[in-house]
>>> print(open('input23.txt').read())   # compact mmCIF, C-alpha atoms (C1' of nucleotides)
# COMPACT_ATOMS: atom_id res chain seq x y z
CA MET A 1 0.00 0.00 0.00
CA ASP A 2 1.44 3.35 -1.03
CA GLU A 3 0.40 6.84 -0.03
CA ALA A 4 -2.21 7.14 -2.79
CA ASP A 5 -3.88 3.87 -1.77
CA ALA A 6 -3.84 4.93 1.86
CA LEU A 7 -5.48 8.24 0.98
CA THR A 8 -8.26 6.41 -0.83
CA VAL A 9 -8.83 4.08 2.10
CA PHE A 10 -8.76 6.89 4.67
CA ALA A 11 -11.27 8.84 2.61
CA ALA A 12 -13.50 5.78 2.44
CA LEU A 13 -13.32 5.30 6.21
CA SER A 14 -13.86 8.95 7.10
CA GLN A 15 -17.61 8.85 6.60
CA GLU A 16 -19.89 7.62 9.36
CA THR A 17 -22.08 5.34 7.29
CA ARG A 18 -19.13 3.82 5.47
CA LEU A 19 -17.15 3.23 8.65
CA ARG A 20 -20.18 1.52 10.17
CA ILE A 21 -20.61 -0.61 7.05
CA VAL A 22 -17.00 -1.75 7.21
CA ARG A 23 -17.20 -2.59 10.89
CA LEU A 24 -20.43 -4.48 10.34
CA LEU A 25 -18.96 -6.48 7.47
CA VAL A 26 -15.76 -7.23 9.34
CA THR A 27 -17.76 -8.84 12.14
CA ALA A 28 -20.11 -10.47 9.65
CA GLY A 29 -17.26 -12.61 8.35
CA PRO A 30 -16.29 -13.82 4.88
CA GLU A 31 -19.87 -14.79 3.98
CA GLY A 32 -20.85 -11.17 3.95
CA LEU A 33 -24.33 -9.68 4.02
CA PRO A 34 -26.85 -8.65 1.35
CA ALA A 35 -27.03 -4.93 0.57
CA GLY A 36 -30.55 -4.79 1.96
CA ALA A 37 -29.51 -6.15 5.35
CA ILE A 38 -26.66 -3.66 5.51
CA GLY A 39 -29.02 -0.81 4.65
CA ALA A 40 -31.44 -1.96 7.33
CA ALA A 41 -28.61 -1.89 9.86
CA MET A 42 -27.83 1.70 8.80
CA ASP A 43 -31.05 3.16 10.17
CA GLY A 44 -32.85 2.03 7.04
CA ALA A 45 -30.76 4.02 4.60
CA SER A 46 -32.20 4.35 1.09
CA SER A 47 -31.01 2.01 -1.63
CA SER A 48 -29.38 4.78 -3.63
CA ARG A 49 -27.55 6.01 -0.59
CA MET A 50 -26.34 2.49 0.14
CA ALA A 51 -25.26 1.96 -3.44
CA PHE A 52 -23.27 5.18 -3.27
CA HIS A 53 -21.39 4.19 -0.13
CA LEU A 54 -21.00 0.53 -1.02
CA SER A 55 -19.48 1.33 -4.39
CA HIS A 56 -17.23 3.88 -2.72
CA LEU A 57 -15.98 1.21 -0.32
CA GLU A 58 -15.59 -1.30 -3.12
CA ARG A 59 -13.50 1.13 -5.20
CA ALA A 60 -11.30 1.65 -2.16
CA GLY A 61 -10.80 -2.12 -1.93
CA LEU A 62 -12.31 -2.41 1.53
CA ILE A 63 -15.22 -4.61 0.50
CA ARG A 64 -16.18 -6.76 -2.44
CA SER A 65 -19.48 -7.98 -3.83
CA ARG A 66 -20.95 -11.06 -5.42
CA ARG A 67 -24.44 -11.76 -6.64
CA GLU A 68 -26.37 -14.57 -5.03
CA GLY A 69 -29.88 -15.01 -6.28
CA ARG A 70 -31.45 -11.61 -6.38
CA SER A 71 -29.30 -10.28 -3.57
CA ILE A 72 -25.85 -8.84 -3.82
CA LEU A 73 -23.66 -9.92 -0.94
CA TYR A 74 -20.95 -7.62 0.32
CA SER A 75 -18.04 -8.83 2.39
CA ALA A 76 -14.98 -7.25 3.99
CA VAL A 77 -11.60 -7.48 2.29
CA TYR A 78 -9.46 -8.08 5.36
CA PRO A 79 -6.06 -7.60 3.74
CA THR A 80 -6.92 -4.00 2.90
CA LEU A 81 -7.46 -3.26 6.57
CA SER A 82 -4.27 -5.00 7.59
CA ASN A 83 -2.33 -3.28 4.83
CA LEU A 84 -3.60 0.03 6.12
CA ILE A 85 -2.45 -0.93 9.59
CA SER A 86 0.95 -1.86 8.15
CA PHE A 87 1.13 1.47 6.40
CA LEU A 88 0.46 3.35 9.62
CA MET A 89 2.89 1.22 11.57
CA ARG A 90 5.60 1.68 8.99
CA ASP A 91 5.48 5.39 9.75
CA CYS A 92 5.18 4.91 13.42
CA CYS A 93 7.66 2.10 14.03
CA ASP A 94 10.25 2.62 11.35
CA GLY A 95 10.35 6.32 12.13
CA HIS A 96 10.80 6.14 15.88
CA PRO A 97 10.58 2.64 17.34
CA GLU A 98 11.29 3.81 20.87
CA VAL A 99 8.28 6.15 20.87
CA CYS A 100 5.97 3.65 19.30
CA ALA A 101 7.04 0.49 21.10
CA PRO A 102 4.70 0.81 24.10
CA ALA A 103 1.73 1.24 21.81
CA VAL A 104 2.72 -1.79 19.79
CA ALA A 105 3.08 -3.82 22.96
CA ALA A 106 -0.41 -2.82 24.03
CA LEU A 107 -1.70 -4.04 20.71
CA SER A 108 -0.46 -7.60 21.13
CA CYS A 109 -3.00 -8.06 23.90
CA THR A 110 -5.80 -6.99 21.62
CA CYS A 111 -4.63 -9.34 18.92
CA GLU A 112 -3.98 -12.51 20.85
CA ALA A 113 -7.47 -12.49 22.33
CA MET B 1 -10.77 5.78 20.79
CA ASP B 2 -14.41 5.46 19.82
CA GLU B 3 -16.06 5.61 16.42
CA ALA B 4 -16.44 9.40 16.47
CA ASP B 5 -12.76 9.92 17.28
CA ALA B 6 -11.76 7.48 14.56
CA LEU B 7 -13.91 9.35 12.03
CA THR B 8 -12.18 12.59 12.91
CA VAL B 9 -8.75 11.02 12.55
CA PHE B 10 -9.62 9.29 9.27
CA ALA B 11 -10.92 12.57 7.89
CA ALA B 12 -7.72 14.30 8.94
CA LEU B 13 -5.59 11.64 7.25
CA SER B 14 -7.63 11.48 4.05
CA GLN B 15 -6.09 14.60 2.54
CA GLU B 16 -2.79 14.43 0.71
CA THR B 17 -1.10 17.43 2.30
CA ARG B 18 -2.20 16.43 5.79
CA LEU B 19 -1.12 12.82 5.38
CA ARG B 20 2.27 14.02 4.19
CA ILE B 21 2.54 16.39 7.15
CA VAL B 22 1.81 13.59 9.59
CA ARG B 23 4.32 11.26 7.99
CA LEU B 24 6.93 13.99 7.98
CA LEU B 25 6.34 14.81 11.65
CA VAL B 26 6.34 11.16 12.66
CA THR B 27 9.81 10.73 11.22
CA ALA B 28 10.89 14.14 12.53
CA GLY B 29 10.53 12.85 16.08
CA PRO B 30 9.28 14.43 19.30
CA GLU B 31 11.20 17.69 18.72
CA GLY B 32 8.94 18.50 15.83
CA LEU B 33 9.47 21.04 13.08
CA PRO B 34 8.56 24.72 12.65
CA ALA B 35 5.51 25.44 10.51
CA GLY B 36 7.68 27.14 7.92
CA ALA B 37 9.88 24.08 7.43
CA ILE B 38 6.80 21.89 7.08
CA GLY B 39 5.34 24.26 4.52
CA ALA B 40 8.61 24.25 2.59
CA ALA B 41 8.48 20.44 2.51
CA MET B 42 4.93 20.66 1.10
CA ASP B 43 6.00 22.16 -2.22
CA GLY B 44 6.14 25.57 -0.59
CA ALA B 45 2.52 25.69 0.50
CA SER B 46 1.22 29.13 1.57
CA SER B 47 1.05 30.01 5.24
CA SER B 48 -2.74 30.13 5.24
CA ARG B 49 -2.93 26.76 3.59
CA MET B 50 -0.53 25.32 6.12
CA ALA B 51 -2.39 26.90 9.02
CA PHE B 52 -5.62 25.36 7.73
CA HIS B 53 -4.18 21.85 7.56
CA LEU B 54 -2.08 22.10 10.70
CA SER B 55 -5.03 23.25 12.78
CA HIS B 56 -7.14 20.48 11.26
CA LEU B 57 -4.55 17.92 12.32
CA GLU B 58 -4.24 19.48 15.75
CA ARG B 59 -8.00 19.36 16.30
CA ALA B 60 -7.91 15.69 15.35
CA GLY B 61 -5.23 15.11 17.99
CA LEU B 62 -2.62 13.90 15.51
CA ILE B 63 -0.17 16.73 16.14
CA ARG B 64 0.43 19.39 18.74
CA SER B 65 2.16 22.74 18.71
CA ARG B 66 4.34 24.85 20.94
CA ARG B 67 5.87 28.24 20.38
CA GLU B 68 9.63 28.55 20.41
CA GLY B 69 10.97 31.98 19.67
CA ARG B 70 9.10 33.27 16.69
CA SER B 71 8.50 29.82 15.29
CA ILE B 72 5.74 27.45 16.15
CA LEU B 73 6.93 23.88 16.34
CA TYR B 74 4.60 21.05 15.43
CA SER B 75 5.19 17.48 16.50
CA ALA B 76 3.39 14.17 16.06
CA VAL B 77 1.19 12.80 18.82
CA TYR B 78 2.15 9.15 18.56
CA PRO B 79 -0.57 7.70 20.81
CA THR B 80 -3.24 8.95 18.45
CA LEU B 81 -1.76 6.91 15.64
CA SER B 82 -1.41 3.84 17.80
CA ASN B 83 -4.93 4.26 19.14
CA LEU B 84 -6.17 4.38 15.59
CA ILE B 85 -4.29 1.20 14.85
CA SER B 86 -5.85 -0.39 17.93
CA PHE B 87 -9.26 0.70 16.77
CA LEU B 88 -8.76 -0.94 13.38
CA MET B 89 -7.34 -4.07 14.92
CA ARG B 90 -10.16 -4.36 17.39
CA ASP B 91 -12.50 -4.73 14.43
CA CYS B 92 -10.22 -6.97 12.55
CA CYS B 93 -8.99 -9.28 15.29
CA ASP B 94 -11.88 -9.37 17.70
CA GLY B 95 -14.27 -9.96 14.85
CA HIS B 96 -12.56 -12.80 13.07
CA PRO B 97 -9.16 -13.70 14.50
CA GLU B 98 -8.65 -16.59 12.11
CA VAL B 99 -8.97 -14.35 9.07
CA CYS B 100 -6.85 -11.59 10.48
CA ALA B 101 -4.10 -13.64 12.11
CA PRO B 102 -1.81 -13.94 9.08
CA ALA B 103 -1.90 -10.19 8.56
CA VAL B 104 -1.11 -9.58 12.21
CA ALA B 105 1.80 -12.00 12.02
CA ALA B 106 3.19 -10.13 9.04
CA LEU B 107 3.02 -6.93 11.06
CA SER B 108 5.29 -8.18 13.82
CA CYS B 109 8.18 -8.14 11.36
CA THR B 110 7.55 -4.50 10.58
CA CYS B 111 7.47 -3.60 14.23
CA GLU B 112 10.44 -5.47 15.58
CA ALA B 113 12.77 -3.85 13.05
C1' DT C 1 10.10 51.92 18.92
C1' DC C 2 10.45 50.39 14.26
C1' DA C 3 11.36 47.02 10.77
C1' DA C 4 11.53 42.01 9.66
C1' DC C 5 10.11 37.63 10.30
C1' DA C 6 6.97 33.74 11.37
C1' DT C 7 2.53 32.33 11.60
C1' DA C 8 -2.59 32.79 12.14
C1' DT C 9 -7.23 34.55 10.69
C1' DC C 10 -10.79 35.88 7.62
C1' DA C 11 -13.81 36.09 3.50
C1' DA C 12 -14.64 34.56 -1.13
C1' DG C 13 -14.71 31.44 -4.74
C1' DA C 14 -13.89 26.78 -6.63
C1' DT C 15 -14.21 22.09 -6.06
C1' DG C 16 -15.68 17.82 -4.08
C1' DT C 17 -18.99 14.91 -1.50
C1' DA C 18 -23.52 13.30 0.32
C1' DT C 19 -28.49 12.85 0.05
C1' DT C 20 -32.80 12.60 -2.30
C1' DG C 21 -36.15 10.98 -5.52
C1' DA C 22 -37.24 8.98 -9.94
C1' DG C 23 -36.34 5.53 -12.93
C1' DA C 24 -33.57 1.49 -14.89
C1' DT C 25 -31.76 -3.32 -14.62
C1' DA C 26 -31.59 -7.99 -13.16
C1' DT C 27 -33.42 -12.12 -10.82
C1' DA C 28 -36.98 -15.02 -9.13
C1' DA C 29 -41.72 -16.58 -8.32
C1' DA C 30 -46.61 -16.93 -9.72
C1' DT D 1 -44.97 -13.72 -19.14
C1' DT D 2 -46.32 -10.81 -15.71
C1' DT D 3 -45.37 -9.28 -11.11
C1' DA D 4 -42.67 -8.55 -7.18
C1' DT D 5 -38.14 -8.20 -5.16
C1' DA D 6 -33.40 -6.48 -4.79
C1' DT D 7 -30.26 -3.38 -6.20
C1' DC D 8 -28.10 0.10 -9.17
C1' DT D 9 -27.82 4.56 -11.95
C1' DC D 10 -28.66 9.24 -12.83
C1' DA D 11 -29.60 14.20 -12.18
C1' DA D 12 -30.40 17.75 -8.97
C1' DT D 13 -29.66 19.90 -4.78
C1' DA D 14 -27.54 20.78 -0.45
C1' DC D 15 -23.52 20.76 2.14
C1' DA D 16 -18.65 20.52 3.33
C1' DT D 17 -13.90 21.23 2.18
C1' DC D 18 -9.85 23.32 -0.04
C1' DT D 19 -7.32 27.10 -1.88
C1' DT D 20 -6.26 31.89 -2.55
C1' DG D 21 -5.23 36.53 -1.37
C1' DA D 22 -5.36 40.08 1.93
C1' DT D 23 -4.70 41.24 6.53
C1' DA D 24 -3.85 40.65 11.50
C1' DT D 25 -1.09 38.91 15.54
C1' DG D 26 2.87 37.99 17.97
C1' DT D 27 8.20 37.90 18.36
C1' DT D 28 12.87 39.29 17.74
C1' DG D 29 16.71 42.31 16.62
C1' DA D 30 18.35 47.07 15.15
>>> encode(input="input23.txt", output="C-alpha cells")
Amino acid sequence: MDEADALTVFAALSQETRLRIVRLLVTAGPEGLPAGAIGAAMDGASSSRMAFHLSHLERAGLIRSRREGRSILYSAVYPTLSNLISFLMRDCCDGHPEVCAPAVAALSCTCEA
Amino acid sequence: MDEADALTVFAALSQETRLRIVRLLVTAGPEGLPAGAIGAAMDGASSSRMAFHLSHLERAGLIRSRREGRSILYSAVYPTLSNLISFLMRDCCDGHPEVCAPAVAALSCTCEA
DNA sequence: TCAACATATCAAGATGTATTGAGATATAAA
DNA sequence: TTTATATCTCAATACATCTTGATATGTTGA
C-alpha cells in the first residue's frame, strides 16, 4: 500500500455510514451480508444512498461484492485493513521505534485475544 | 478511541497534504518542526494553507504545537496513531481472528525492526 | 520603537462529497 | 410472461472542504 492507496482508504473510512458498514462487514465474516440487510442496519438508509457508499468502499478495496440469487452480498476485504495498519505502523515504528514500542506492545494483547 | 474519534482522525488523514505532514512529523521525532519548514516540505505551500491543515490535524489530535521563539513547532502525537491502529485491529482481530491472524503475524516483522 | 520575520485569521470562490427521488436493470416466483 | 423483489444509476440539490489573497497577531533584533 502506497500513499495514494492509503489516501483512498482513509477517505472511504472517514464517513460515518461507510465506517459503520466496514465494521459491520468485518464482524459479519467472509460470507458477507446482502445490501438490503446492511441498509437496514444503517437506520434504514435508502437504496441509492447504500449503493453510493458501497461502491465507494468497493472502489477503495475495503469490501467486495458477489451476486447470489437476487441479492448482492458484500463482504470485507481483510487484507486491505491489515495493509492500512501496516502502512500506519511503517510510519510509526520505522520512524521512531522507541516512541511507538509501548503502543505496539499494548496491541499484542488486543490481537492474541 | 471510539467511532467518532476514529472518524475525525480518518478525515484528517484522508487529505494528501495532511497525510504528508503527519508522515513527515512522525519521522521528525518528538522535537517537531517549525511550521515554515513543514510548509517548505509541502512544495512551498502558503502560510494560510498550512495553518488550515495544521489546525485540522491538531483538532484531530494527531499533532500538537508549541511556540519557540518566533517559530511554532509542530510534532506528532504518537498515541493517536497507535490508538487508531488499535481501533482498526479491534475490528479486525476481535471480529474474526482466524482471518486476520496472518496479517497480524506479518506486522510483527515490521514492528520489531 | 520600528522594521523584519513567522505564523494565524478571515472572507470569497472553486471544487468535491452526500443525500434525495425517480427511474432502470436484473433475478426469481406466480 | 407478468409481477414482485433487490439493487443500481442518474440528475439535482444541499452541504462541506480546499485554496487563494489580503490582513492581522505575535516575536525578535536594530
>>> interface_residues(input="input23.txt", of="chain B", to="chain C", cutoff="8 Å", atoms="all atoms listed in the file", output="ChimeraX atom specification")
/B:35-36,47-48,51,70-72
>>> atom_distance(input="input23.txt", atom1="CA of Ile38 (chain B)", atom2="CA of Pro97 (chain A)")
22.1 Å
>>> closest_residue(input="input23.txt", among="D:DT1, D:DC8, D:DT19, D:DT25", to="chain A", atoms="all atoms listed in the file")
D:DC8
>>> closest_residue(input="input23.txt", among="B:Glu31, B:Glu58, B:Glu16, B:Asp91", to="chain D", atoms="only C-alpha atoms (C1' of nucleotides)")
B:Glu16
>>> calpha_fit_and_write(input="input23.txt", fixed="chain A", moving="chain B", output="PDB file with C-alpha atoms, in the frame of the given file")
ATOM      1  CA  MET B   1       0.011  -0.026   0.031  1.00  0.00           C
ATOM      2  CA  ASP B   2       1.437   3.323  -0.991  1.00  0.00           C
ATOM      3  CA  GLU B   3       0.414   6.826   0.003  1.00  0.00           C
ATOM      4  CA  ALA B   4      -2.201   7.136  -2.749  1.00  0.00           C
ATOM      5  CA  ASP B   5      -3.872   3.867  -1.752  1.00  0.00           C
ATOM      6  CA  ALA B   6      -3.851   4.904   1.891  1.00  0.00           C
ATOM      7  CA  LEU B   7      -5.496   8.224   1.003  1.00  0.00           C
ATOM      8  CA  THR B   8      -8.261   6.402  -0.814  1.00  0.00           C
ATOM      9  CA  VAL B   9      -8.839   4.068   2.115  1.00  0.00           C
ATOM     10  CA  PHE B  10      -8.764   6.881   4.683  1.00  0.00           C
ATOM     11  CA  ALA B  11     -11.281   8.823   2.622  1.00  0.00           C
ATOM     12  CA  ALA B  12     -13.513   5.770   2.440  1.00  0.00           C
ATOM     13  CA  LEU B  13     -13.340   5.274   6.207  1.00  0.00           C
ATOM     14  CA  SER B  14     -13.857   8.928   7.107  1.00  0.00           C
ATOM     15  CA  GLN B  15     -17.617   8.844   6.614  1.00  0.00           C
ATOM     16  CA  GLU B  16     -19.895   7.612   9.363  1.00  0.00           C
ATOM     17  CA  THR B  17     -22.116   5.341   7.291  1.00  0.00           C
ATOM     18  CA  ARG B  18     -19.161   3.808   5.472  1.00  0.00           C
ATOM     19  CA  LEU B  19     -17.175   3.222   8.646  1.00  0.00           C
ATOM     20  CA  ARG B  20     -20.198   1.517  10.164  1.00  0.00           C
ATOM     21  CA  ILE B  21     -20.631  -0.625   7.054  1.00  0.00           C
ATOM     22  CA  VAL B  22     -17.023  -1.759   7.208  1.00  0.00           C
ATOM     23  CA  ARG B  23     -17.224  -2.592  10.890  1.00  0.00           C
ATOM     24  CA  LEU B  24     -20.448  -4.482  10.343  1.00  0.00           C
ATOM     25  CA  LEU B  25     -18.989  -6.484   7.453  1.00  0.00           C
ATOM     26  CA  VAL B  26     -15.785  -7.219   9.333  1.00  0.00           C
ATOM     27  CA  THR B  27     -17.757  -8.842  12.122  1.00  0.00           C
ATOM     28  CA  ALA B  28     -20.140 -10.466   9.633  1.00  0.00           C
ATOM     29  CA  GLY B  29     -17.279 -12.593   8.336  1.00  0.00           C
ATOM     30  CA  PRO B  30     -16.303 -13.792   4.867  1.00  0.00           C
ATOM     31  CA  GLU B  31     -19.884 -14.779   3.946  1.00  0.00           C
ATOM     32  CA  GLY B  32     -20.869 -11.153   3.915  1.00  0.00           C
ATOM     33  CA  LEU B  33     -24.344  -9.667   4.010  1.00  0.00           C
ATOM     34  CA  PRO B  34     -26.871  -8.644   1.341  1.00  0.00           C
ATOM     35  CA  ALA B  35     -27.060  -4.934   0.565  1.00  0.00           C
ATOM     36  CA  GLY B  36     -30.583  -4.787   1.935  1.00  0.00           C
ATOM     37  CA  ALA B  37     -29.556  -6.144   5.333  1.00  0.00           C
ATOM     38  CA  ILE B  38     -26.695  -3.656   5.491  1.00  0.00           C
ATOM     39  CA  GLY B  39     -29.041  -0.820   4.621  1.00  0.00           C
ATOM     40  CA  ALA B  40     -31.474  -1.960   7.305  1.00  0.00           C
ATOM     41  CA  ALA B  41     -28.625  -1.871   9.838  1.00  0.00           C
ATOM     42  CA  MET B  42     -27.857   1.714   8.744  1.00  0.00           C
ATOM     43  CA  ASP B  43     -31.086   3.163  10.119  1.00  0.00           C
ATOM     44  CA  GLY B  44     -32.883   2.024   6.992  1.00  0.00           C
ATOM     45  CA  ALA B  45     -30.784   3.987   4.533  1.00  0.00           C
ATOM     46  CA  SER B  46     -32.219   4.293   0.996  1.00  0.00           C
ATOM     47  CA  SER B  47     -30.997   1.979  -1.729  1.00  0.00           C
ATOM     48  CA  SER B  48     -29.354   4.798  -3.661  1.00  0.00           C
ATOM     49  CA  ARG B  49     -27.573   5.989  -0.574  1.00  0.00           C
ATOM     50  CA  MET B  50     -26.362   2.489   0.148  1.00  0.00           C
ATOM     51  CA  ALA B  51     -25.264   1.958  -3.440  1.00  0.00           C
ATOM     52  CA  PHE B  52     -23.276   5.196  -3.266  1.00  0.00           C
ATOM     53  CA  HIS B  53     -21.412   4.183  -0.116  1.00  0.00           C
ATOM     54  CA  LEU B  54     -21.019   0.526  -1.013  1.00  0.00           C
ATOM     55  CA  SER B  55     -19.505   1.346  -4.388  1.00  0.00           C
ATOM     56  CA  HIS B  56     -17.230   3.887  -2.713  1.00  0.00           C
ATOM     57  CA  LEU B  57     -15.993   1.211  -0.326  1.00  0.00           C
ATOM     58  CA  GLU B  58     -15.613  -1.288  -3.137  1.00  0.00           C
ATOM     59  CA  ARG B  59     -13.536   1.137  -5.201  1.00  0.00           C
ATOM     60  CA  ALA B  60     -11.318   1.646  -2.168  1.00  0.00           C
ATOM     61  CA  GLY B  61     -10.818  -2.121  -1.946  1.00  0.00           C
ATOM     62  CA  LEU B  62     -12.328  -2.421   1.526  1.00  0.00           C
ATOM     63  CA  ILE B  63     -15.240  -4.618   0.476  1.00  0.00           C
ATOM     64  CA  ARG B  64     -16.215  -6.760  -2.467  1.00  0.00           C
ATOM     65  CA  SER B  65     -19.507  -7.972  -3.848  1.00  0.00           C
ATOM     66  CA  ARG B  66     -20.977 -11.050  -5.443  1.00  0.00           C
ATOM     67  CA  ARG B  67     -24.467 -11.758  -6.653  1.00  0.00           C
ATOM     68  CA  GLU B  68     -26.401 -14.567  -5.040  1.00  0.00           C
ATOM     69  CA  GLY B  69     -29.922 -15.013  -6.269  1.00  0.00           C
ATOM     70  CA  ARG B  70     -31.485 -11.610  -6.381  1.00  0.00           C
ATOM     71  CA  SER B  71     -29.336 -10.283  -3.580  1.00  0.00           C
ATOM     72  CA  ILE B  72     -25.894  -8.845  -3.822  1.00  0.00           C
ATOM     73  CA  LEU B  73     -23.694  -9.914  -0.956  1.00  0.00           C
ATOM     74  CA  TYR B  74     -20.975  -7.619   0.310  1.00  0.00           C
ATOM     75  CA  SER B  75     -18.070  -8.831   2.391  1.00  0.00           C
ATOM     76  CA  ALA B  76     -15.005  -7.252   3.975  1.00  0.00           C
ATOM     77  CA  VAL B  77     -11.631  -7.485   2.274  1.00  0.00           C
ATOM     78  CA  TYR B  78      -9.487  -8.083   5.333  1.00  0.00           C
ATOM     79  CA  PRO B  79      -6.065  -7.590   3.717  1.00  0.00           C
ATOM     80  CA  THR B  80      -6.929  -4.007   2.895  1.00  0.00           C
ATOM     81  CA  LEU B  81      -7.468  -3.260   6.556  1.00  0.00           C
ATOM     82  CA  SER B  82      -4.291  -5.014   7.575  1.00  0.00           C
ATOM     83  CA  ASN B  83      -2.337  -3.288   4.825  1.00  0.00           C
ATOM     84  CA  LEU B  84      -3.599   0.010   6.123  1.00  0.00           C
ATOM     85  CA  ILE B  85      -2.460  -0.943   9.586  1.00  0.00           C
ATOM     86  CA  SER B  86       0.942  -1.869   8.166  1.00  0.00           C
ATOM     87  CA  PHE B  87       1.123   1.459   6.419  1.00  0.00           C
ATOM     88  CA  LEU B  88       0.451   3.328   9.657  1.00  0.00           C
ATOM     89  CA  MET B  89       2.880   1.192  11.586  1.00  0.00           C
ATOM     90  CA  ARG B  90       5.594   1.631   9.021  1.00  0.00           C
ATOM     91  CA  ASP B  91       5.488   5.344   9.781  1.00  0.00           C
ATOM     92  CA  CYS B  92       5.188   4.871  13.446  1.00  0.00           C
ATOM     93  CA  CYS B  93       7.683   2.087  14.063  1.00  0.00           C
ATOM     94  CA  ASP B  94      10.252   2.622  11.363  1.00  0.00           C
ATOM     95  CA  GLY B  95      10.385   6.295  12.184  1.00  0.00           C
ATOM     96  CA  HIS B  96      10.840   6.169  15.917  1.00  0.00           C
ATOM     97  CA  PRO B  97      10.655   2.671  17.382  1.00  0.00           C
ATOM     98  CA  GLU B  98      11.396   3.844  20.903  1.00  0.00           C
ATOM     99  CA  VAL B  99       8.390   6.151  20.946  1.00  0.00           C
ATOM    100  CA  CYS B 100       6.063   3.676  19.345  1.00  0.00           C
ATOM    101  CA  ALA B 101       7.127   0.509  21.150  1.00  0.00           C
ATOM    102  CA  PRO B 102       4.819   0.829  24.164  1.00  0.00           C
ATOM    103  CA  ALA B 103       1.821   1.304  21.899  1.00  0.00           C
ATOM    104  CA  VAL B 104       2.796  -1.715  19.836  1.00  0.00           C
ATOM    105  CA  ALA B 105       3.169  -3.789  22.985  1.00  0.00           C
ATOM    106  CA  ALA B 106      -0.314  -2.799  24.078  1.00  0.00           C
ATOM    107  CA  LEU B 107      -1.622  -3.972  20.722  1.00  0.00           C
ATOM    108  CA  SER B 108      -0.379  -7.526  21.125  1.00  0.00           C
ATOM    109  CA  CYS B 109      -2.935  -8.028  23.886  1.00  0.00           C
ATOM    110  CA  THR B 110      -5.731  -6.979  21.576  1.00  0.00           C
ATOM    111  CA  CYS B 111      -4.575  -9.346  18.894  1.00  0.00           C
ATOM    112  CA  GLU B 112      -3.882 -12.487  20.843  1.00  0.00           C
ATOM    113  CA  ALA B 113      -7.389 -12.500  22.311  1.00  0.00           C
TER     114      ALA B 113
END
>>> closest_atom_pairs(input="input23.txt", of="chain D", to="chain B", cutoff="10 Å", atoms="only C-alpha atoms (C1' of nucleotides)", output="tab-separated table")
residue	atom	partner	partner_atom	distance
D:DC18	C1'	B:Arg49	CA	8.5
D:DT19	C1'	B:Arg49	CA	7.0
D:DT20	C1'	B:Arg49	CA	8.7
D:DG21	C1'	B:Ser48	CA	9.5
D:DG26	C1'	B:Arg70	CA	7.9
D:DT27	C1'	B:Arg70	CA	5.0
D:DT28	C1'	B:Arg70	CA	7.2
>>> residues_around(input="input23.txt", residues="Asp2 (chain B)", least_positions_apart="5", cutoff="10 Å", atoms="only C-alpha atoms (C1' of nucleotides)", output="PDB file with C-alpha atoms, in the coordinates of the input")
ATOM      1  CA  LEU B   7     -13.910   9.350  12.030  1.00  0.00           C
ATOM      2  CA  ASN B  83      -4.930   4.260  19.140  1.00  0.00           C
ATOM      3  CA  LEU B  84      -6.170   4.380  15.590  1.00  0.00           C
ATOM      4  CA  PHE B  87      -9.260   0.700  16.770  1.00  0.00           C
TER       5      PHE B  87
END
>>> closest_residue(input="input23.txt", among="A:Met1, A:Ala6, A:Leu62, A:Ala41", to="chain B", atoms="all atoms listed in the file")
A:Ala6
>>> closest_residue(input="input23.txt", among="B:Ser86, B:Cys93, B:His56, B:Arg66", to="Thr17 (chain B)", atoms="only C-alpha atoms")
B:His56
>>> atom_distance(input="input23.txt", atom1="CA of Leu88 (chain A)", atom2="CA of Val9 (chain A)")
12.0 Å
>>> atom_distance(input="input23.txt", atom1="CA of Ser75 (chain A)", atom2="CA of Gly29 (chain A)")
7.1 Å
